[in-house]
file start27.cif (mmCIF, C-alpha atoms)
data_model
#
loop_
_atom_site.label_atom_id
_atom_site.label_comp_id
_atom_site.auth_asym_id
_atom_site.auth_seq_id
_atom_site.Cartn_x
_atom_site.Cartn_y
_atom_site.Cartn_z
CA MET A 1 104.77 118.92 94.76
CA THR A 2 102.20 117.35 92.43
CA SER A 3 99.49 114.97 93.61
CA GLU A 4 101.33 112.08 91.97
CA ASP A 5 104.50 113.02 93.83
CA LEU A 6 102.64 113.10 97.11
CA MET A 7 101.03 109.73 96.49
CA VAL A 8 104.33 108.09 95.60
CA ARG A 9 106.02 109.60 98.63
CA THR A 10 103.21 108.34 100.81
CA ALA A 11 103.64 104.83 99.41
CA LEU A 12 107.41 104.99 99.92
CA GLY A 13 106.81 106.14 103.47
CA SER A 14 104.77 103.00 104.04
CA TRP A 15 107.53 100.83 102.54
CA LYS A 16 110.15 102.48 104.71
CA GLN A 17 107.98 101.92 107.77
CA SER A 18 107.79 98.18 107.08
CA ILE A 19 111.58 97.93 106.62
CA ALA A 20 112.25 99.99 109.75
CA GLN A 21 110.01 97.68 111.74
CA VAL A 22 112.05 94.65 110.63
CA ASP A 23 115.25 96.52 111.52
CA LYS A 24 113.86 97.26 114.96
CA THR A 25 112.89 93.65 115.57
CA LEU A 26 116.32 92.47 114.34
CA ALA A 27 118.05 94.88 116.69
CA SER A 28 116.26 93.21 119.60
CA LEU A 29 117.44 89.73 118.59
CA SER A 30 120.90 88.19 118.99
CA ASP A 31 122.45 85.96 116.36
CA GLU A 32 121.67 83.00 118.63
CA ASP A 33 118.03 84.09 118.74
CA PHE A 34 117.86 83.50 114.99
CA GLN A 35 117.51 79.79 115.75
CA ARG A 36 114.26 80.34 117.62
CA GLU A 37 110.95 79.31 116.06
CA ILE A 38 108.13 81.83 115.86
CA ALA A 39 105.81 79.10 117.19
CA PRO A 40 106.41 75.39 117.91
CA GLY A 41 107.31 73.58 114.69
CA ARG A 42 107.11 76.77 112.63
CA ASN A 43 109.75 78.79 110.79
CA ARG A 44 112.83 80.05 112.53
CA ILE A 45 113.65 83.76 112.64
CA TYR A 46 116.68 82.88 110.52
CA TYR A 47 114.48 81.48 107.76
CA LEU A 48 112.04 84.38 107.78
CA LEU A 49 114.83 86.94 107.48
CA GLY A 50 116.35 84.99 104.61
CA HIS A 51 112.95 84.73 102.97
CA LEU A 52 112.28 88.46 103.23
CA THR A 53 115.76 89.24 101.93
CA ALA A 54 115.37 86.96 98.91
CA VAL A 55 111.83 88.08 98.08
CA ASN A 56 112.73 91.75 98.33
CA ASP A 57 115.94 91.21 96.33
CA ARG A 58 113.74 89.87 93.53
CA LEU A 59 112.14 93.30 93.30
CA LEU A 60 115.25 94.55 91.51
CA PRO A 61 114.61 92.65 88.25
CA LEU A 62 110.84 92.58 88.73
CA LEU A 63 110.74 96.38 88.77
CA ARG A 64 113.62 96.67 86.26
CA LEU A 65 115.86 98.42 88.77
CA GLY A 66 119.05 96.48 88.25
CA ASP A 67 120.62 93.12 88.94
CA ARG A 68 119.95 91.11 92.04
CA LEU A 69 122.42 91.18 94.91
CA HIS A 70 121.68 87.71 96.31
CA PRO A 71 120.13 85.26 93.83
CA GLU A 72 121.89 82.45 95.69
CA LEU A 73 119.38 82.81 98.55
CA ASP A 74 116.36 81.57 96.60
CA ASP A 75 117.09 77.89 96.98
CA ALA A 76 117.24 77.93 100.76
CA PHE A 77 114.67 80.65 101.42
CA ILE A 78 112.06 80.63 98.64
CA ALA A 79 112.14 77.32 96.79
CA ASN A 80 112.34 75.22 99.95
CA PRO A 81 110.90 75.31 103.46
CA ASP A 82 112.94 75.91 106.59
CA ARG A 83 115.38 73.17 107.65
CA THR A 84 115.44 71.49 104.23
CA PHE A 85 119.22 71.50 104.26
CA PRO A 86 121.39 70.09 107.07
CA LYS A 87 123.51 73.24 107.17
CA ASP A 88 122.41 76.88 107.01
CA PRO A 89 123.74 78.59 103.88
CA LEU A 90 125.21 81.64 105.60
CA GLU A 91 126.04 82.95 109.03
CA PRO A 92 123.53 85.18 110.86
CA ALA A 93 125.85 88.20 110.55
CA ALA A 94 126.13 87.70 106.79
CA LEU A 95 122.36 87.38 106.56
CA ARG A 96 121.90 90.62 108.45
CA SER A 97 124.28 92.31 105.99
CA ALA A 98 122.46 90.87 103.00
CA TRP A 99 119.16 92.20 104.37
CA SER A 100 120.64 95.68 104.89
CA ASP A 101 122.31 95.76 101.48
CA VAL A 102 119.12 94.76 99.69
CA SER A 103 117.06 97.31 101.64
CA GLU A 104 119.55 100.05 100.86
CA LYS A 105 119.82 99.29 97.15
CA LEU A 106 116.05 99.08 96.81
CA LEU A 107 115.35 102.35 98.56
CA ALA A 108 117.93 104.21 96.48
CA ALA A 109 116.38 102.81 93.30
CA PHE A 110 112.83 103.54 94.45
CA GLU A 111 113.70 107.14 95.17
CA ARG A 112 114.99 107.65 91.65
CA LEU A 113 111.75 106.55 89.96
CA ARG A 114 109.44 109.30 88.75
CA PRO A 115 105.73 109.04 89.60
CA GLU A 116 104.76 108.07 86.05
CA GLU A 117 107.33 105.27 86.16
CA TRP A 118 105.58 103.78 89.18
CA LEU A 119 102.52 103.33 86.96
CA GLU A 120 104.44 101.39 84.32
CA ARG A 121 104.04 97.63 84.15
CA HIS A 122 106.09 95.33 86.30
CA ASP A 123 108.26 92.81 84.54
CA ALA A 124 106.07 89.74 85.11
CA VAL A 125 103.19 91.10 83.01
CA SER A 126 103.24 91.34 79.22
CA ALA A 127 102.63 94.61 77.41
CA GLU A 128 99.37 93.19 76.01
CA ASP A 129 98.03 92.10 79.38
CA PHE A 130 99.08 95.38 80.94
CA ALA A 131 97.09 97.32 78.34
CA ARG A 132 93.98 95.60 79.73
CA GLU A 133 95.07 95.54 83.38
CA PRO A 134 96.81 98.81 84.22
CA LEU A 135 96.78 98.03 87.94
CA ARG A 136 99.56 95.48 87.40
CA ASN A 137 102.06 98.28 87.80
CA ARG A 138 105.23 98.82 89.82
CA LEU A 139 103.31 100.59 92.57
CA ALA A 140 101.06 97.55 93.09
CA VAL A 141 104.15 95.37 93.52
CA LEU A 142 105.64 97.81 96.02
CA LEU A 143 102.47 97.78 98.12
CA SER A 144 102.19 94.01 97.90
CA ARG A 145 105.77 93.53 99.12
CA THR A 146 105.19 96.09 101.87
CA GLN A 147 102.35 93.90 103.13
CA HIS A 148 104.49 90.79 102.77
CA THR A 149 107.27 92.36 104.81
CA ALA A 150 104.84 93.46 107.54
CA LEU A 151 103.24 90.02 107.64
CA HIS A 152 106.49 88.21 108.35
CA GLU A 153 107.75 90.88 110.72
CA GLY A 154 104.57 90.29 112.72
CA GLN A 155 105.58 86.64 112.96
CA MET A 156 109.22 87.37 113.76
CA ARG A 157 108.31 89.55 116.71
CA LEU A 158 106.60 86.56 118.35
CA ALA A 159 110.04 85.06 119.00
CA LYS A 160 111.25 88.04 121.00
CA ARG A 161 111.91 87.33 124.66
CA ARG A 162 109.36 88.78 127.04
CA MET B 163 91.81 107.29 84.00
CA THR B 164 94.21 109.87 85.44
CA SER B 165 97.47 108.95 87.16
CA GLU B 166 95.94 109.89 90.51
CA ASP B 167 92.98 107.60 89.85
CA LEU B 168 95.33 104.74 89.01
CA MET B 169 97.42 105.28 92.11
CA VAL B 170 94.38 105.36 94.39
CA ARG B 171 92.94 102.25 92.77
CA THR B 172 96.25 100.50 93.22
CA ALA B 173 96.27 101.39 96.92
CA LEU B 174 92.67 100.23 97.30
CA GLY B 175 93.62 96.99 95.59
CA SER B 176 96.27 96.48 98.24
CA TRP B 177 93.75 97.18 101.02
CA LYS B 178 91.25 94.73 99.52
CA GLN B 179 93.97 92.10 99.30
CA SER B 180 94.74 92.40 103.01
CA ILE B 181 91.04 92.12 103.94
CA ALA B 182 90.51 89.17 101.59
CA GLN B 183 93.43 87.39 103.21
CA VAL B 184 91.84 87.77 106.65
CA ASP B 185 88.53 86.50 105.23
CA LYS B 186 90.30 83.47 103.79
CA THR B 187 92.02 82.67 107.08
CA LEU B 188 88.71 83.11 108.97
CA ALA B 189 86.97 80.75 106.56
CA SER B 190 89.50 78.06 107.48
CA LEU B 191 88.83 78.44 111.22
CA SER B 192 85.84 77.23 113.23
CA ASP B 193 84.30 79.26 116.05
CA GLU B 194 85.99 76.86 118.48
CA ASP B 195 89.34 77.56 116.80
CA PHE B 196 88.98 81.20 117.88
CA GLN B 197 90.15 80.11 121.34
CA ARG B 198 93.51 78.95 119.99
CA GLU B 199 96.63 80.96 120.68
CA ILE B 200 98.88 81.97 117.79
CA ALA B 201 101.86 80.80 119.90
CA PRO B 202 102.08 79.59 123.50
CA GLY B 203 101.00 82.36 125.86
CA ARG B 204 100.28 84.76 123.01
CA ASN B 205 97.03 86.29 121.74
CA ARG B 206 94.09 84.15 120.77
CA ILE B 207 92.65 84.29 117.26
CA TYR B 208 89.53 85.71 118.92
CA TYR B 209 91.46 88.65 120.31
CA LEU B 210 93.30 89.42 117.08
CA LEU B 211 90.06 89.47 115.08
CA GLY B 212 88.47 91.77 117.64
CA HIS B 213 91.57 93.96 117.57
CA LEU B 214 91.56 94.26 113.77
CA THR B 215 87.82 94.96 113.77
CA ALA B 216 88.13 97.72 116.36
CA VAL B 217 91.22 99.33 114.81
CA ASN B 218 89.71 99.31 111.32
CA ASP B 219 86.37 100.61 112.67
CA ARG B 220 88.29 103.60 114.02
CA LEU B 221 89.17 104.51 110.44
CA LEU B 222 85.64 105.80 109.98
CA PRO B 223 86.07 108.89 112.18
CA LEU B 224 89.83 109.13 111.56
CA LEU B 225 89.22 109.54 107.83
CA ARG B 226 85.97 111.49 108.37
CA LEU B 227 83.88 108.81 106.68
CA GLY B 228 81.07 108.52 109.18
CA ASP B 229 80.27 107.16 112.62
CA ARG B 230 81.83 104.03 114.03
CA LEU B 231 79.87 100.80 113.96
CA HIS B 232 81.46 99.19 117.03
CA PRO B 233 83.03 101.63 119.51
CA GLU B 234 82.14 99.17 122.30
CA LEU B 235 84.97 96.88 121.14
CA ASP B 236 87.80 99.22 122.13
CA ASP B 237 87.83 98.31 125.79
CA ALA B 238 88.32 94.59 125.23
CA PHE B 239 90.41 94.72 122.05
CA ILE B 240 92.48 97.91 122.04
CA ALA B 241 92.71 99.35 125.55
CA ASN B 242 93.42 95.98 127.18
CA PRO B 243 95.38 92.83 126.37
CA ASP B 244 93.80 89.46 125.67
CA ARG B 245 92.10 87.69 128.59
CA THR B 246 91.83 90.83 130.71
CA PHE B 247 88.15 90.11 131.35
CA PRO B 248 86.79 86.81 132.67
CA LYS B 249 84.16 86.66 129.93
CA ASP B 250 84.53 87.42 126.22
CA PRO B 251 82.41 90.42 125.21
CA LEU B 252 80.70 88.79 122.22
CA GLU B 253 80.21 85.42 120.59
CA PRO B 254 82.52 84.37 117.74
CA ALA B 255 79.65 84.54 115.23
CA ALA B 256 78.86 88.10 116.30
CA LEU B 257 82.53 89.02 116.02
CA ARG B 258 82.69 87.60 112.50
CA SER B 259 79.66 89.75 111.60
CA ALA B 260 81.20 92.86 113.12
CA TRP B 261 84.39 92.27 111.10
CA SER B 262 82.40 91.88 107.86
CA ASP B 263 80.20 94.90 108.55
CA VAL B 264 83.19 97.13 109.25
CA SER B 265 85.03 95.90 106.15
CA GLU B 266 81.98 96.50 103.98
CA LYS B 267 81.25 99.97 105.30
CA LEU B 268 84.88 101.00 104.93
CA LEU B 269 85.24 99.78 101.38
CA ALA B 270 82.05 101.53 100.27
CA ALA B 271 83.30 104.78 101.84
CA PHE B 272 86.79 104.38 100.37
CA GLU B 273 85.41 103.92 96.90
CA ARG B 274 83.48 107.16 97.13
CA LEU B 275 86.55 109.30 97.90
CA ARG B 276 88.07 111.18 95.00
CA PRO B 277 91.88 111.05 94.53
CA GLU B 278 92.40 114.58 95.84
CA GLU B 279 90.44 113.70 98.97
CA TRP B 280 92.91 110.90 99.71
CA LEU B 281 95.58 113.60 99.96
CA GLU B 282 93.66 115.60 102.53
CA ARG B 283 94.73 115.45 106.16
CA HIS B 284 93.51 112.69 108.45
CA ASP B 285 91.59 113.74 111.51
CA ALA B 286 94.37 113.26 114.07
CA VAL B 287 96.58 115.96 112.57
CA SER B 288 95.87 119.69 112.88
CA ALA B 289 95.55 121.92 109.83
CA GLU B 290 98.73 123.76 110.90
CA ASP B 291 100.79 120.59 111.27
CA PHE B 292 99.41 119.24 108.02
CA ALA B 293 100.56 122.34 106.16
CA ARG B 294 104.12 121.40 107.13
CA GLU B 295 103.68 117.62 106.86
CA PRO B 296 101.52 116.84 103.83
CA LEU B 297 102.29 113.14 104.05
CA ARG B 298 99.99 112.86 107.07
CA ASN B 299 97.11 112.31 104.69
CA ARG B 300 94.26 109.81 104.40
CA LEU B 301 96.25 107.67 101.98
CA ALA B 302 99.07 107.24 104.50
CA VAL B 303 96.57 106.01 107.07
CA LEU B 304 95.07 103.57 104.58
CA LEU B 305 98.50 102.11 103.80
CA SER B 306 99.43 101.95 107.46
CA ARG B 307 96.24 100.05 108.33
CA THR B 308 96.78 97.75 105.36
CA GLN B 309 100.16 96.80 106.85
CA HIS B 310 98.61 96.41 110.30
CA THR B 311 95.95 94.08 108.92
CA ALA B 312 98.54 91.99 107.07
CA LEU B 313 100.76 91.81 110.15
CA HIS B 314 98.05 90.32 112.34
CA GLU B 315 96.72 88.06 109.61
CA GLY B 316 100.24 86.63 109.38
CA GLN B 317 99.97 85.81 113.08
CA MET B 318 96.43 84.43 112.86
CA ARG B 319 97.39 81.96 110.18
CA LEU B 320 99.88 80.35 112.58
CA ALA B 321 96.94 78.91 114.52
CA LYS B 322 95.53 77.06 111.52
CA ARG B 323 95.62 73.27 111.79
CA ARG B 324 98.22 71.58 109.61
#
call {"tool": "encode", "arguments": {"input": "start27.cif", "output": "structure tokens"}}
result
Amino acid sequence: MTSEDLMVRTALGSWKQSIAQVDKTLASLSDEDFQREIAPGRNRIYYLLGHLTAVNDRLLPLLRLGDRLHPELDDAFIANPDRTFPKDPLEPAALRSAWSDVSEKLLAAFERLRPEEWLERHDAVSAEDFAREPLRNRLAVLLSRTQHTALHEGQMRLAKRR
Amino acid sequence: MTSEDLMVRTALGSWKQSIAQVDKTLASLSDEDFQREIAPGRNRIYYLLGHLTAVNDRLLPLLRLGDRLHPELDDAFIANPDRTFPKDPLEPAALRSAWSDVSEKLLAAFERLRPEEWLERHDAVSAEDFAREPLRNRLAVLLSRTQHTALHEGQMRLAKRR
């Protein structure tokens, strides 16, 4: 294995760890628990899972890996704060499925990328800007979203029963 | 710049982002705010900052980068939960300094490592095990601690006043 291979596999290992941690926290929560807030007046578990699903789903076009699975989630989970709408847009079970489907599609796509492709620009930076700023690559986006996933999982776990 | 250089710089960018986010959250909190809990009955800001400082300080020996700055923090912030001891071990201002000193020493050491050194084993894995499991390298530890920092920063920010 080349050094680049090893580095990419290490980064993917970190990504997988962040997803597995969300899965573990979800497994400890019932669908009813999704209504719980992580702290008084703060986001519900339901919202945070929808938010993570929508943000990660956006990685598909951002990294040029294919079409999104759930663009319909953005309105409720990215563009607006929790409890904006009187009715939740999908059932907890459907949200769990959406999360799993996005995670699965992403991982399969990630594992097909060659190391040099991880160093190509992401889709929100122009070719000209990227020539000056080569750190605005796919790998940087992967690591940023890994952090983002870990951050919200750390909040979600606060709502677990003790 | 080689591909390995770019990958390591991308990973260090992610690390710096997680530290900068903690710094930003700390700048929005007063020393008195350190006593606030992130959620009812949960850790105080004070404890989480001590925990992050101690865990990151441990990276120095774990990555063979030098001696620890604050081994005395482990008892209060790693080995035991919040409020185990009747008196906090150090003042908030001293804890802020410890956090900054650890972050500074780590970053300077990280920036001196060459890409191939990031792929060397970390100090908690034996040479024999590492021969079979080359992903147990310094880079994996860096990414894992980046996630850990982001996770607790996501909790700390819940205690900010709105």
call {"tool": "atom_distance", "arguments": {"input": "start27.cif", "atom1": "atom CA of Asp193 of chain B", "atom2": "atom CA of Pro243 of chain B"}}
result
20.3 Å
call {"tool": "resolve_selection", "arguments": {"input": "start27.cif", "expression": "the PyMOL selection byres ((chain A) within 9 of (chain B))", "output": "PyMOL selection string"}}
result
chain A and resi 3-4+6-11+13-14+17-18+38-40+42+115-116+118-119+134-137+139-140+143-144+146-155+158
call {"tool": "resolve_selection", "arguments": {"input": "start27.cif", "expression": "the PyMOL selection byres ((chain B and resi 191) around 10)", "output": "ChimeraX atom specification"}}
result
/B:186-190,192-196,198,207,318-319,321-323
call {"tool": "calpha_fit_and_write", "arguments": {"input": "start27.cif", "fixed": "chain B", "moving": "chain A", "output": "tab-separated table (two decimals) with C-alpha atoms, in the coordinates of the input"}}
result
chain	number	residue	atom	x	y	z
A	1	MET	CA	91.79	107.28	84.01
A	2	THR	CA	94.19	109.86	85.45
A	3	SER	CA	97.45	108.94	87.16
A	4	GLU	CA	95.94	109.89	90.52
A	5	ASP	CA	93.00	107.58	89.85
A	6	LEU	CA	95.32	104.74	89.01
A	7	MET	CA	97.40	105.27	92.12
A	8	VAL	CA	94.37	105.35	94.39
A	9	ARG	CA	92.94	102.24	92.76
A	10	THR	CA	96.26	100.49	93.23
A	11	ALA	CA	96.26	101.39	96.92
A	12	LEU	CA	92.66	100.21	97.31
A	13	GLY	CA	93.61	96.99	95.59
A	14	SER	CA	96.27	96.46	98.24
A	15	TRP	CA	93.75	97.18	101.02
A	16	LYS	CA	91.26	94.75	99.53
A	17	GLN	CA	93.97	92.11	99.29
A	18	SER	CA	94.73	92.40	103.01
A	19	ILE	CA	91.03	92.12	103.94
A	20	ALA	CA	90.51	89.17	101.60
A	21	GLN	CA	93.44	87.39	103.21
A	22	VAL	CA	91.84	87.76	106.65
A	23	ASP	CA	88.54	86.50	105.23
A	24	LYS	CA	90.31	83.48	103.79
A	25	THR	CA	92.02	82.67	107.07
A	26	LEU	CA	88.72	83.10	108.96
A	27	ALA	CA	86.98	80.75	106.56
A	28	SER	CA	89.50	78.06	107.48
A	29	LEU	CA	88.83	78.44	111.22
A	30	SER	CA	85.83	77.24	113.23
A	31	ASP	CA	84.32	79.27	116.03
A	32	GLU	CA	85.99	76.88	118.47
A	33	ASP	CA	89.34	77.57	116.80
A	34	PHE	CA	89.00	81.19	117.88
A	35	GLN	CA	90.15	80.11	121.33
A	36	ARG	CA	93.50	78.95	120.00
A	37	GLU	CA	96.65	80.97	120.69
A	38	ILE	CA	98.88	81.97	117.79
A	39	ALA	CA	101.85	80.80	119.89
A	40	PRO	CA	102.08	79.58	123.51
A	41	GLY	CA	101.01	82.35	125.88
A	42	ARG	CA	100.28	84.75	123.02
A	43	ASN	CA	97.04	86.28	121.74
A	44	ARG	CA	94.11	84.15	120.77
A	45	ILE	CA	92.64	84.30	117.26
A	46	TYR	CA	89.53	85.71	118.92
A	47	TYR	CA	91.47	88.66	120.32
A	48	LEU	CA	93.29	89.41	117.08
A	49	LEU	CA	90.07	89.47	115.08
A	50	GLY	CA	88.49	91.77	117.64
A	51	HIS	CA	91.56	93.98	117.57
A	52	LEU	CA	91.56	94.26	113.78
A	53	THR	CA	87.83	94.97	113.77
A	54	ALA	CA	88.14	97.74	116.36
A	55	VAL	CA	91.22	99.33	114.80
A	56	ASN	CA	89.71	99.32	111.33
A	57	ASP	CA	86.37	100.62	112.67
A	58	ARG	CA	88.30	103.61	114.01
A	59	LEU	CA	89.17	104.51	110.43
A	60	LEU	CA	85.63	105.82	109.97
A	61	PRO	CA	86.08	108.91	112.18
A	62	LEU	CA	89.82	109.14	111.57
A	63	LEU	CA	89.22	109.53	107.84
A	64	ARG	CA	85.96	111.48	108.38
A	65	LEU	CA	83.88	108.81	106.68
A	66	GLY	CA	81.06	108.51	109.17
A	67	ASP	CA	80.28	107.17	112.61
A	68	ARG	CA	81.81	104.05	114.03
A	69	LEU	CA	79.87	100.80	113.96
A	70	HIS	CA	81.46	99.19	117.03
A	71	PRO	CA	83.01	101.63	119.51
A	72	GLU	CA	82.13	99.17	122.28
A	73	LEU	CA	84.97	96.89	121.12
A	74	ASP	CA	87.80	99.22	122.11
A	75	ASP	CA	87.84	98.30	125.77
A	76	ALA	CA	88.31	94.59	125.22
A	77	PHE	CA	90.40	94.72	122.05
A	78	ILE	CA	92.48	97.92	122.04
A	79	ALA	CA	92.71	99.35	125.54
A	80	ASN	CA	93.43	95.99	127.18
A	81	PRO	CA	95.38	92.84	126.36
A	82	ASP	CA	93.80	89.47	125.67
A	83	ARG	CA	92.12	87.68	128.59
A	84	THR	CA	91.82	90.83	130.72
A	85	PHE	CA	88.16	90.10	131.33
A	86	PRO	CA	86.78	86.79	132.66
A	87	LYS	CA	84.15	86.65	129.92
A	88	ASP	CA	84.52	87.41	126.21
A	89	PRO	CA	82.40	90.41	125.20
A	90	LEU	CA	80.69	88.79	122.22
A	91	GLU	CA	80.20	85.43	120.59
A	92	PRO	CA	82.52	84.36	117.75
A	93	ALA	CA	79.66	84.56	115.22
A	94	ALA	CA	78.86	88.13	116.28
A	95	LEU	CA	82.54	89.02	116.01
A	96	ARG	CA	82.69	87.61	112.51
A	97	SER	CA	79.67	89.76	111.59
A	98	ALA	CA	81.21	92.86	113.12
A	99	TRP	CA	84.39	92.28	111.09
A	100	SER	CA	82.39	91.88	107.86
A	101	ASP	CA	80.20	94.91	108.54
A	102	VAL	CA	83.18	97.14	109.25
A	103	SER	CA	85.02	95.90	106.14
A	104	GLU	CA	81.97	96.50	103.99
A	105	LYS	CA	81.25	99.99	105.30
A	106	LEU	CA	84.88	101.00	104.93
A	107	LEU	CA	85.24	99.78	101.38
A	108	ALA	CA	82.05	101.53	100.28
A	109	ALA	CA	83.30	104.77	101.84
A	110	PHE	CA	86.79	104.39	100.39
A	111	GLU	CA	85.39	103.92	96.91
A	112	ARG	CA	83.47	107.17	97.12
A	113	LEU	CA	86.54	109.30	97.90
A	114	ARG	CA	88.07	111.22	95.01
A	115	PRO	CA	91.85	111.05	94.54
A	116	GLU	CA	92.39	114.59	95.83
A	117	GLU	CA	90.44	113.70	98.97
A	118	TRP	CA	92.91	110.91	99.71
A	119	LEU	CA	95.59	113.59	99.96
A	120	GLU	CA	93.66	115.60	102.54
A	121	ARG	CA	94.72	115.43	106.17
A	122	HIS	CA	93.51	112.70	108.45
A	123	ASP	CA	91.59	113.73	111.51
A	124	ALA	CA	94.38	113.25	114.07
A	125	VAL	CA	96.57	115.98	112.57
A	126	SER	CA	95.86	119.70	112.88
A	127	ALA	CA	95.55	121.94	109.84
A	128	GLU	CA	98.74	123.76	110.89
A	129	ASP	CA	100.79	120.59	111.26
A	130	PHE	CA	99.42	119.24	108.01
A	131	ALA	CA	100.56	122.36	106.16
A	132	ARG	CA	104.12	121.39	107.13
A	133	GLU	CA	103.67	117.62	106.85
A	134	PRO	CA	101.52	116.83	103.83
A	135	LEU	CA	102.30	113.12	104.06
A	136	ARG	CA	99.99	112.85	107.08
A	137	ASN	CA	97.11	112.30	104.70
A	138	ARG	CA	94.27	109.80	104.40
A	139	LEU	CA	96.25	107.67	101.97
A	140	ALA	CA	99.08	107.24	104.50
A	141	VAL	CA	96.57	106.01	107.07
A	142	LEU	CA	95.08	103.56	104.58
A	143	LEU	CA	98.50	102.10	103.80
A	144	SER	CA	99.43	101.95	107.46
A	145	ARG	CA	96.25	100.04	108.35
A	146	THR	CA	96.79	97.74	105.36
A	147	GLN	CA	100.15	96.80	106.86
A	148	HIS	CA	98.60	96.41	110.30
A	149	THR	CA	95.95	94.08	108.93
A	150	ALA	CA	98.54	91.98	107.07
A	151	LEU	CA	100.75	91.80	110.16
A	152	HIS	CA	98.05	90.31	112.35
A	153	GLU	CA	96.72	88.05	109.62
A	154	GLY	CA	100.24	86.63	109.39
A	155	GLN	CA	99.98	85.80	113.09
A	156	MET	CA	96.45	84.43	112.86
A	157	ARG	CA	97.41	81.95	110.16
A	158	LEU	CA	99.89	80.34	112.57
A	159	ALA	CA	96.94	78.90	114.51
A	160	LYS	CA	95.54	77.05	111.51
A	161	ARG	CA	95.63	73.28	111.80
A	162	ARG	CA	98.22	71.59	109.63
call {"tool": "closest_residue", "arguments": {"input": "start27.cif", "among": "A:Arg114, A:Arg44, A:His122, A:Arg64", "to": "Pro92 of chain A", "atoms": "only C-alpha atoms"}}
result
A:Arg44
call {"tool": "resolve_selection", "arguments": {"input": "start27.cif", "expression": "the PyMOL selection byres ((chain A and resi 57) around 10)", "output": "PyMOL selection string"}}
result
chain A and resi 51-56+58-62+67-71+73-74+98-99+101-103+105-106
call {"tool": "residues_around", "arguments": {"input": "start27.cif", "residues": "Tyr209 of chain B", "least_positions_apart": "6", "cutoff": "9 Å", "atoms": "all atoms listed in the file", "output": "PyMOL selection string"}}
result
chain B and resi 196-197+238-239+243-245
call {"tool": "atom_distance", "arguments": {"input": "start27.cif", "atom1": "atom CA of Ala131 of chain A", "atom2": "atom CA of Glu117 of chain A"}}
result
15.1 Å
call {"tool": "atom_distance", "arguments": {"input": "start27.cif", "atom1": "atom CA of Ile78 of chain A", "atom2": "atom CA of Leu95 of chain A"}}
result
14.6 Å
call {"tool": "axis_aligned_box", "arguments": {"input": "start27.cif", "around": "segment 163-171 of chain B", "padding_each_side": "5 Å", "output": "lines of an AutoDock Vina configuration file"}}
result
center_x = 94.6
center_y = 106.1
center_z = 89.2
size_x = 15.7
size_y = 17.6
size_z = 20.4
call {"tool": "decode", "arguments": {"input": "start27.cif", "residues": "segment 288-297 of chain B", "atoms": "N, CA, C and O atoms", "output": "mmCIF file, in the first residue's frame"}}
result
data_model
loop_
_atom_site.group_PDB
_atom_site.id
_atom_site.type_symbol
_atom_site.label_atom_id
_atom_site.label_comp_id
_atom_site.auth_asym_id
_atom_site.auth_seq_id
_atom_site.Cartn_x
_atom_site.Cartn_y
_atom_site.Cartn_z
ATOM 1 N N SER B 288 2.178 -1.967 19.807
ATOM 2 C CA SER B 288 3.505 -2.588 19.727
ATOM 3 C C SER B 288 3.946 -2.656 18.269
ATOM 4 O O SER B 288 3.126 -2.600 17.352
ATOM 5 N N ALA B 289 5.243 -2.804 18.072
ATOM 6 C CA ALA B 289 5.786 -2.909 16.706
ATOM 7 C C ALA B 289 5.192 -4.124 15.991
ATOM 8 O O ALA B 289 4.882 -4.059 14.793
ATOM 9 N N GLU B 290 4.973 -5.226 16.733
ATOM 10 C CA GLU B 290 4.413 -6.431 16.103
ATOM 11 C C GLU B 290 2.969 -6.196 15.653
ATOM 12 O O GLU B 290 2.581 -6.550 14.540
ATOM 13 N N ASP B 291 2.171 -5.628 16.547
ATOM 14 C CA ASP B 291 0.778 -5.354 16.178
ATOM 15 C C ASP B 291 0.700 -4.349 15.030
ATOM 16 O O ASP B 291 -0.136 -4.471 14.136
ATOM 17 N N PHE B 292 1.591 -3.379 15.056
ATOM 18 C CA PHE B 292 1.559 -2.351 14.019
ATOM 19 C C PHE B 292 1.904 -2.934 12.648
ATOM 20 O O PHE B 292 1.372 -2.486 11.621
ATOM 21 N N ALA B 293 2.741 -3.940 12.634
ATOM 22 C CA ALA B 293 3.081 -4.577 11.356
ATOM 23 C C ALA B 293 1.837 -5.174 10.703
ATOM 24 O O ALA B 293 1.702 -5.200 9.481
ATOM 25 N N ARG B 294 0.913 -5.658 11.518
ATOM 26 C CA ARG B 294 -0.347 -6.210 10.998
ATOM 27 C C ARG B 294 -1.413 -5.138 10.805
ATOM 28 O O ARG B 294 -2.322 -5.313 9.991
ATOM 29 N N GLU B 295 -1.347 -4.079 11.592
ATOM 30 C CA GLU B 295 -2.405 -3.054 11.579
ATOM 31 C C GLU B 295 -1.806 -1.663 11.356
ATOM 32 O O GLU B 295 -1.718 -0.861 12.290
ATOM 33 N N PRO B 296 -1.441 -1.383 10.106
ATOM 34 C CA PRO B 296 -0.729 -0.123 9.827
ATOM 35 C C PRO B 296 -1.591 1.130 9.955
ATOM 36 O O PRO B 296 -1.068 2.237 9.855
ATOM 37 N N LEU B 297 -2.899 0.915 10.189
ATOM 38 C CA LEU B 297 -3.738 2.108 10.367
ATOM 39 C C LEU B 297 -3.676 2.638 11.802
ATOM 40 O O LEU B 297 -4.267 3.682 12.101
#
